[in-house]
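Working notes for the structure below.
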Amino acid sequence: MAAGKGTRMRSSLPKVLHRIGGRSLLEHAVVAARGLAPEHLVVVVRHERDAVVAQLAGFAPDAIAADQDEIPGTGRAVACGLAALPENLAGPVVVTSGDVPLLDTHTLEQLVRQHVERDDAVTVLTTRLDDPTGYGRILRDATGAVTGIVEQRDATPEQLAIREVNAGVYVFDAAHVRRALTTLGTDNDQGEVYLTDVVAHAYREGRGTSALAVTDHWLVEGCNDRSQLAELGAELNRRTLAGWMEQGVGVVAPAGTWVDVTVELARDVRLEPGVLLRGATRVGEGAVVGPYSVLTDVEIPAGAVVAPFSLLEGDAPASGQ
C-alpha cells in the first residue's frame with residue numbers, strides 16, 4: 001500500500017490525510033485492506049513521512065510503516081514494502097493505494113479469490129471508462145490473458161484507444177513479485193520503476209495473469225485534486241445514506257444530509273433536512289434529529305428529539321473505526 005504525494009491538492013496537508021466521510025483517505029484504504037485479515041499490513045511512505053506516520057499510529061498502530069527511498073516509481077514502493085516483511089514470505093500479496101477511498105473489502109476479497117483459484121502470478125483490478133485518458137491501458141492476448149499494462153505516456157495510438165484501464169490494485173504471488181522487481185529498469189517516459197512491468201514479466205514466464213474488471217468505477221476512482229475529493233465525498237455520503245435507509249433510517253432530504261461512515265444509527269431514526277452527523281455519534285431507535293443540527297461524538301438516546309439548529313459535541317467512544 002502506498003501513500004501518495006498529490007501536489008494538485010494545493011495544500012500543506014499530505015493528500016492521503018485529507019478527509020471524507022469522517023476518515024482520511026489513508027484510513028479508508030487501511031480499513032478496506034484490514035478487512036482481509038492480513039498477516040502483515042504495510043504502508044509505504046515517502047512524501048511528508050512524519051505527518052503520515054503520526055496519523056497511521058493513531059488508527060492502525062499495528063501497521064508497519066516502510067520508507068521508500070529516493071528511487072521513484074510504484075515498483076520501487078512495493079520493493080521497499082516487501083523489504084519490511086520476512087524474506088520467506090509466501091502466498092498472495094495485495095497492493096492497493098492510499099488515495100482510492102471507495103474501494104471496499106468485498107472487491108479486494110473477489111480479487112484475492114480469483115488470484116488463488118487461478119493460481120495467478122499477478123491479478124489486476126481494472127475498469128472500463130468512456131474516457132480512459134491518463135490511465136494505464138490493459139493489454140490482452142487472444143485468449144484474454146493480460147500481457148501487460150502500458151502507461152498513457154508510453155502508449156501507441158492503437159493502445160490509447162483501449163478503454164479497459166488499470167486501477168492500480170493488484171494481487172501478486174510473493175515469490176514472483178520479489179524476483180520480478182529485481183529485473184525492472186526505468187526505460188520509460190517517466191524514468192521510474194513501474195510496478196505494472198511485473199505483469200509483462202509474469203506473462204513472458206508463462207505464469208497466470210488475469211484481470212478482474214469492476215463495472216462500478218467509483219470503487220477505483222482516485223483522488224488527485226480538491227474537485228475529485230469533493231466528488232468522492234459526495235458519492236461516499238450518498239452510499240452511506242442509502243445503506244442506512246435500507247436499514248430503516250428515515251432521511252428526509254438526502255441531498256443536504258451528511259453522515260460520517262463512523263456514525264451509528266438505529267431503526268426508525270429520522271434525520272431532518274440539513275443534518276450533519278460526525279465522528280462516533282450514535283442515535284438511538286426512533287430518535288429525531290432536527291433540521292440543520294450538527295452532532296459530533298455524541299450519543300442520542302432512543303426516542304429523543306434534537307431541537308432544530310442544535311450544535312452538540314461530546315466524547316462518545318469510537319466504535320468500529
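Ordering of the C-alpha cells sets the chain letters (A, B, ...); residue numbers start at 1 within each chain; ligands are numbered from 1 in the order shown.
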
Exercise. Where in region 4-242 of chain A does DSSP assign strand (DSSP E or B), given as number ranges by chain?
Worked result: A: 19-20, 23-24, 42-45, 64-67, 92-95, 97, 120-128, 137-140, 146-150, 164-173, 208-214

For this session: Report the residues of region 206-287 of chain A whose backbone DSSP state falls under alpha helix (DSSP H), written as an NGL selection string.
Result: :A and (226-246)

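We find CA of Asp99 (chain A) and CA of Ala77 (chain A) to be spaced 14.8 Å apart.
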
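Nearest residue to Val112 (chain A), choosing from A:Val214, A:Ile300, A:Val95, A:Asp225 and counting only C-alpha atoms: A:Val95.
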
For this session: Name all residues at most 7 Å from region 9-23 of chain A (count only C-alpha atoms; drop same-chain ones fewer than 3 positions away) and give them as an NGL selection string.
Result: :A and (3-6 or 26-28 or 48 or 98-99 or 224-226 or 233 or 236-237 or 259-262 or 278-279)

Problem set entry | For Met245 (chain A): contacts at 12 Å, only C-alpha atoms, fewer than 4 positions along chain excluded, given as a PyMOL selection string | chain A and resi 238-241+249-254+259+265-271

Exercise. Got a sec: who's within 12 Å of Ala121 (chain A), counting only C-alpha atoms, leaving out chain neighbours fewer than 3 positions off, as a PyMOL selection string?
Worked result: chain A and resi 90-94+112+114-118+124+145-146+170-180+198-211

Same residues, N, CA, C and O atoms, output as a short mmCIF file (atom, residue, chain, number, x, y, z; two decimals), in the first residue's frame:
```
data_model
loop_
_atom_site.label_atom_id
_atom_site.label_comp_id
_atom_site.auth_asym_id
_atom_site.auth_seq_id
_atom_site.Cartn_x
_atom_site.Cartn_y
_atom_site.Cartn_z
N ALA A 90 5.44 -16.01 1.78
CA ALA A 90 4.85 -16.77 0.68
C ALA A 90 3.36 -16.47 0.61
O ALA A 90 2.76 -15.99 1.57
N GLY A 91 2.77 -16.73 -0.58
CA GLY A 91 1.34 -16.54 -0.74
C GLY A 91 1.00 -15.23 -1.39
O GLY A 91 1.87 -14.52 -1.90
N PRO A 92 -0.29 -14.87 -1.38
CA PRO A 92 -0.73 -13.64 -2.06
C PRO A 92 -0.30 -12.38 -1.33
O PRO A 92 -0.36 -12.30 -0.10
N VAL A 93 0.13 -11.38 -2.10
CA VAL A 93 0.44 -10.05 -1.58
C VAL A 93 -0.50 -9.07 -2.27
O VAL A 93 -0.49 -8.95 -3.50
N VAL A 94 -1.33 -8.39 -1.49
CA VAL A 94 -2.27 -7.41 -2.04
C VAL A 94 -1.63 -6.03 -2.01
O VAL A 94 -1.10 -5.62 -0.97
N VAL A 112 -8.69 -11.37 -4.59
CA VAL A 112 -7.85 -12.41 -3.99
C VAL A 112 -8.39 -13.79 -4.35
O VAL A 112 -7.62 -14.72 -4.67
N GLN A 114 -10.05 -14.73 -7.02
CA GLN A 114 -9.71 -15.05 -8.41
C GLN A 114 -8.23 -15.42 -8.53
O GLN A 114 -7.87 -16.35 -9.24
N HIS A 115 -7.40 -14.68 -7.83
CA HIS A 115 -5.96 -14.93 -7.85
C HIS A 115 -5.65 -16.35 -7.37
O HIS A 115 -4.87 -17.08 -8.02
N VAL A 116 -6.26 -16.74 -6.27
CA VAL A 116 -5.97 -18.05 -5.68
C VAL A 116 -6.56 -19.17 -6.54
O VAL A 116 -5.90 -20.19 -6.80
N GLU A 117 -7.80 -19.01 -7.00
CA GLU A 117 -8.45 -20.05 -7.78
C GLU A 117 -7.73 -20.30 -9.10
O GLU A 117 -7.66 -21.44 -9.58
N ARG A 118 -7.16 -19.27 -9.70
CA ARG A 118 -6.46 -19.40 -10.99
C ARG A 118 -4.98 -19.71 -10.81
O ARG A 118 -4.29 -20.00 -11.78
N VAL A 124 -4.89 -8.31 -11.55
CA VAL A 124 -5.00 -6.86 -11.51
C VAL A 124 -6.47 -6.45 -11.54
O VAL A 124 -7.29 -7.08 -12.21
N ALA A 145 -5.82 -13.41 -21.65
CA ALA A 145 -4.81 -13.23 -20.60
C ALA A 145 -4.22 -11.83 -20.70
O ALA A 145 -4.08 -11.27 -21.79
N VAL A 146 -3.88 -11.26 -19.56
CA VAL A 146 -3.27 -9.93 -19.54
C VAL A 146 -1.79 -10.06 -19.88
O VAL A 146 -1.04 -10.72 -19.17
N TYR A 170 -3.58 -4.65 -7.08
CA TYR A 170 -3.07 -5.93 -7.57
C TYR A 170 -3.04 -6.97 -6.46
O TYR A 170 -2.98 -6.65 -5.27
N VAL A 171 -3.01 -8.25 -6.90
CA VAL A 171 -2.58 -9.34 -6.03
C VAL A 171 -1.42 -10.03 -6.74
O VAL A 171 -1.53 -10.40 -7.91
N PHE A 172 -0.30 -10.17 -6.03
CA PHE A 172 0.89 -10.81 -6.58
C PHE A 172 1.22 -12.08 -5.79
O PHE A 172 0.97 -12.16 -4.58
N ASP A 173 1.80 -13.04 -6.48
CA ASP A 173 2.46 -14.13 -5.78
C ASP A 173 3.74 -13.56 -5.18
O ASP A 173 4.54 -12.92 -5.89
N ALA A 174 3.94 -13.76 -3.88
CA ALA A 174 5.04 -13.10 -3.17
C ALA A 174 6.40 -13.42 -3.78
O ALA A 174 7.22 -12.52 -4.02
N ALA A 175 6.66 -14.70 -4.06
CA ALA A 175 7.97 -15.08 -4.59
C ALA A 175 8.18 -14.48 -5.97
O ALA A 175 9.29 -13.98 -6.28
N HIS A 176 7.15 -14.48 -6.80
CA HIS A 176 7.31 -13.95 -8.15
C HIS A 176 7.57 -12.44 -8.14
O HIS A 176 8.44 -11.95 -8.86
N VAL A 177 6.80 -11.70 -7.34
CA VAL A 177 6.97 -10.25 -7.37
C VAL A 177 8.34 -9.85 -6.82
O VAL A 177 8.97 -8.91 -7.31
N ARG A 178 8.83 -10.56 -5.81
CA ARG A 178 10.18 -10.27 -5.31
C ARG A 178 11.21 -10.43 -6.43
O ARG A 178 12.08 -9.58 -6.63
N ARG A 179 11.11 -11.55 -7.15
CA ARG A 179 12.08 -11.82 -8.20
C ARG A 179 11.92 -10.84 -9.36
O ARG A 179 12.91 -10.31 -9.89
N ALA A 180 10.69 -10.57 -9.74
CA ALA A 180 10.45 -9.70 -10.89
C ALA A 180 10.95 -8.28 -10.63
O ALA A 180 11.50 -7.62 -11.53
N VAL A 198 5.68 -5.74 -13.86
CA VAL A 198 5.66 -7.08 -13.29
C VAL A 198 4.65 -7.96 -14.04
O VAL A 198 4.84 -9.18 -14.16
N VAL A 199 3.60 -7.35 -14.56
CA VAL A 199 2.59 -8.12 -15.29
C VAL A 199 3.20 -8.74 -16.54
O VAL A 199 3.06 -9.94 -16.80
N ALA A 200 3.88 -7.93 -17.35
CA ALA A 200 4.52 -8.43 -18.57
C ALA A 200 5.57 -9.48 -18.24
O ALA A 200 5.74 -10.47 -18.97
N HIS A 201 6.29 -9.27 -17.15
CA HIS A 201 7.31 -10.22 -16.72
C HIS A 201 6.68 -11.59 -16.45
O HIS A 201 7.20 -12.63 -16.89
N ALA A 202 5.56 -11.60 -15.76
CA ALA A 202 4.88 -12.86 -15.45
C ALA A 202 4.37 -13.54 -16.72
O ALA A 202 4.48 -14.76 -16.89
N TYR A 203 3.82 -12.74 -17.63
CA TYR A 203 3.29 -13.31 -18.88
C TYR A 203 4.41 -13.94 -19.70
O TYR A 203 4.24 -15.05 -20.26
N ARG A 204 5.54 -13.27 -19.78
CA ARG A 204 6.68 -13.83 -20.54
C ARG A 204 7.17 -15.15 -19.95
O ARG A 204 7.66 -16.01 -20.68
N GLU A 205 7.02 -15.29 -18.63
CA GLU A 205 7.45 -16.54 -17.98
C GLU A 205 6.41 -17.64 -18.08
O GLU A 205 6.62 -18.74 -17.59
N GLY A 206 5.26 -17.32 -18.70
CA GLY A 206 4.21 -18.33 -18.81
C GLY A 206 3.38 -18.50 -17.56
O GLY A 206 2.62 -19.47 -17.44
N ARG A 207 3.47 -17.56 -16.64
CA ARG A 207 2.68 -17.61 -15.42
C ARG A 207 1.30 -17.03 -15.65
O ARG A 207 1.08 -16.23 -16.56
N GLY A 208 0.35 -17.37 -14.79
CA GLY A 208 -1.01 -16.88 -14.91
C GLY A 208 -1.11 -15.38 -14.67
O GLY A 208 -0.55 -14.86 -13.68
N THR A 209 -1.78 -14.68 -15.57
CA THR A 209 -2.02 -13.24 -15.42
C THR A 209 -3.46 -12.97 -15.82
O THR A 209 -3.87 -13.31 -16.93
N SER A 210 -4.23 -12.38 -14.92
CA SER A 210 -5.63 -12.11 -15.25
C SER A 210 -6.06 -10.79 -14.64
O SER A 210 -5.32 -10.17 -13.87
N ALA A 211 -7.26 -10.36 -15.01
CA ALA A 211 -7.81 -9.10 -14.51
C ALA A 211 -9.23 -9.33 -14.03
O ALA A 211 -9.98 -10.12 -14.60
#
```

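The gap separating CA of Thr96 (chain A) from CA of Glu221 (chain A) is 12.3 Å, in Å to one decimal.
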
Tell me, counting only C-alpha atoms, for each residue of region 82-128 of chain A within 10 Å of region 54-71 of chain A, which pair of atoms is nearest and how far apart they are in Å to one decimal, in rows ordered by chain and increasing number, as a tab-separated table.
```
residue	atom	partner	partner_atom	distance
A:Leu82	CA	A:Ala66	CA	8.7
A:Ala83	CA	A:Ala66	CA	8.1
A:Ala84	CA	A:Ala66	CA	6.3
A:Leu85	CA	A:Ile64	CA	9.0
```
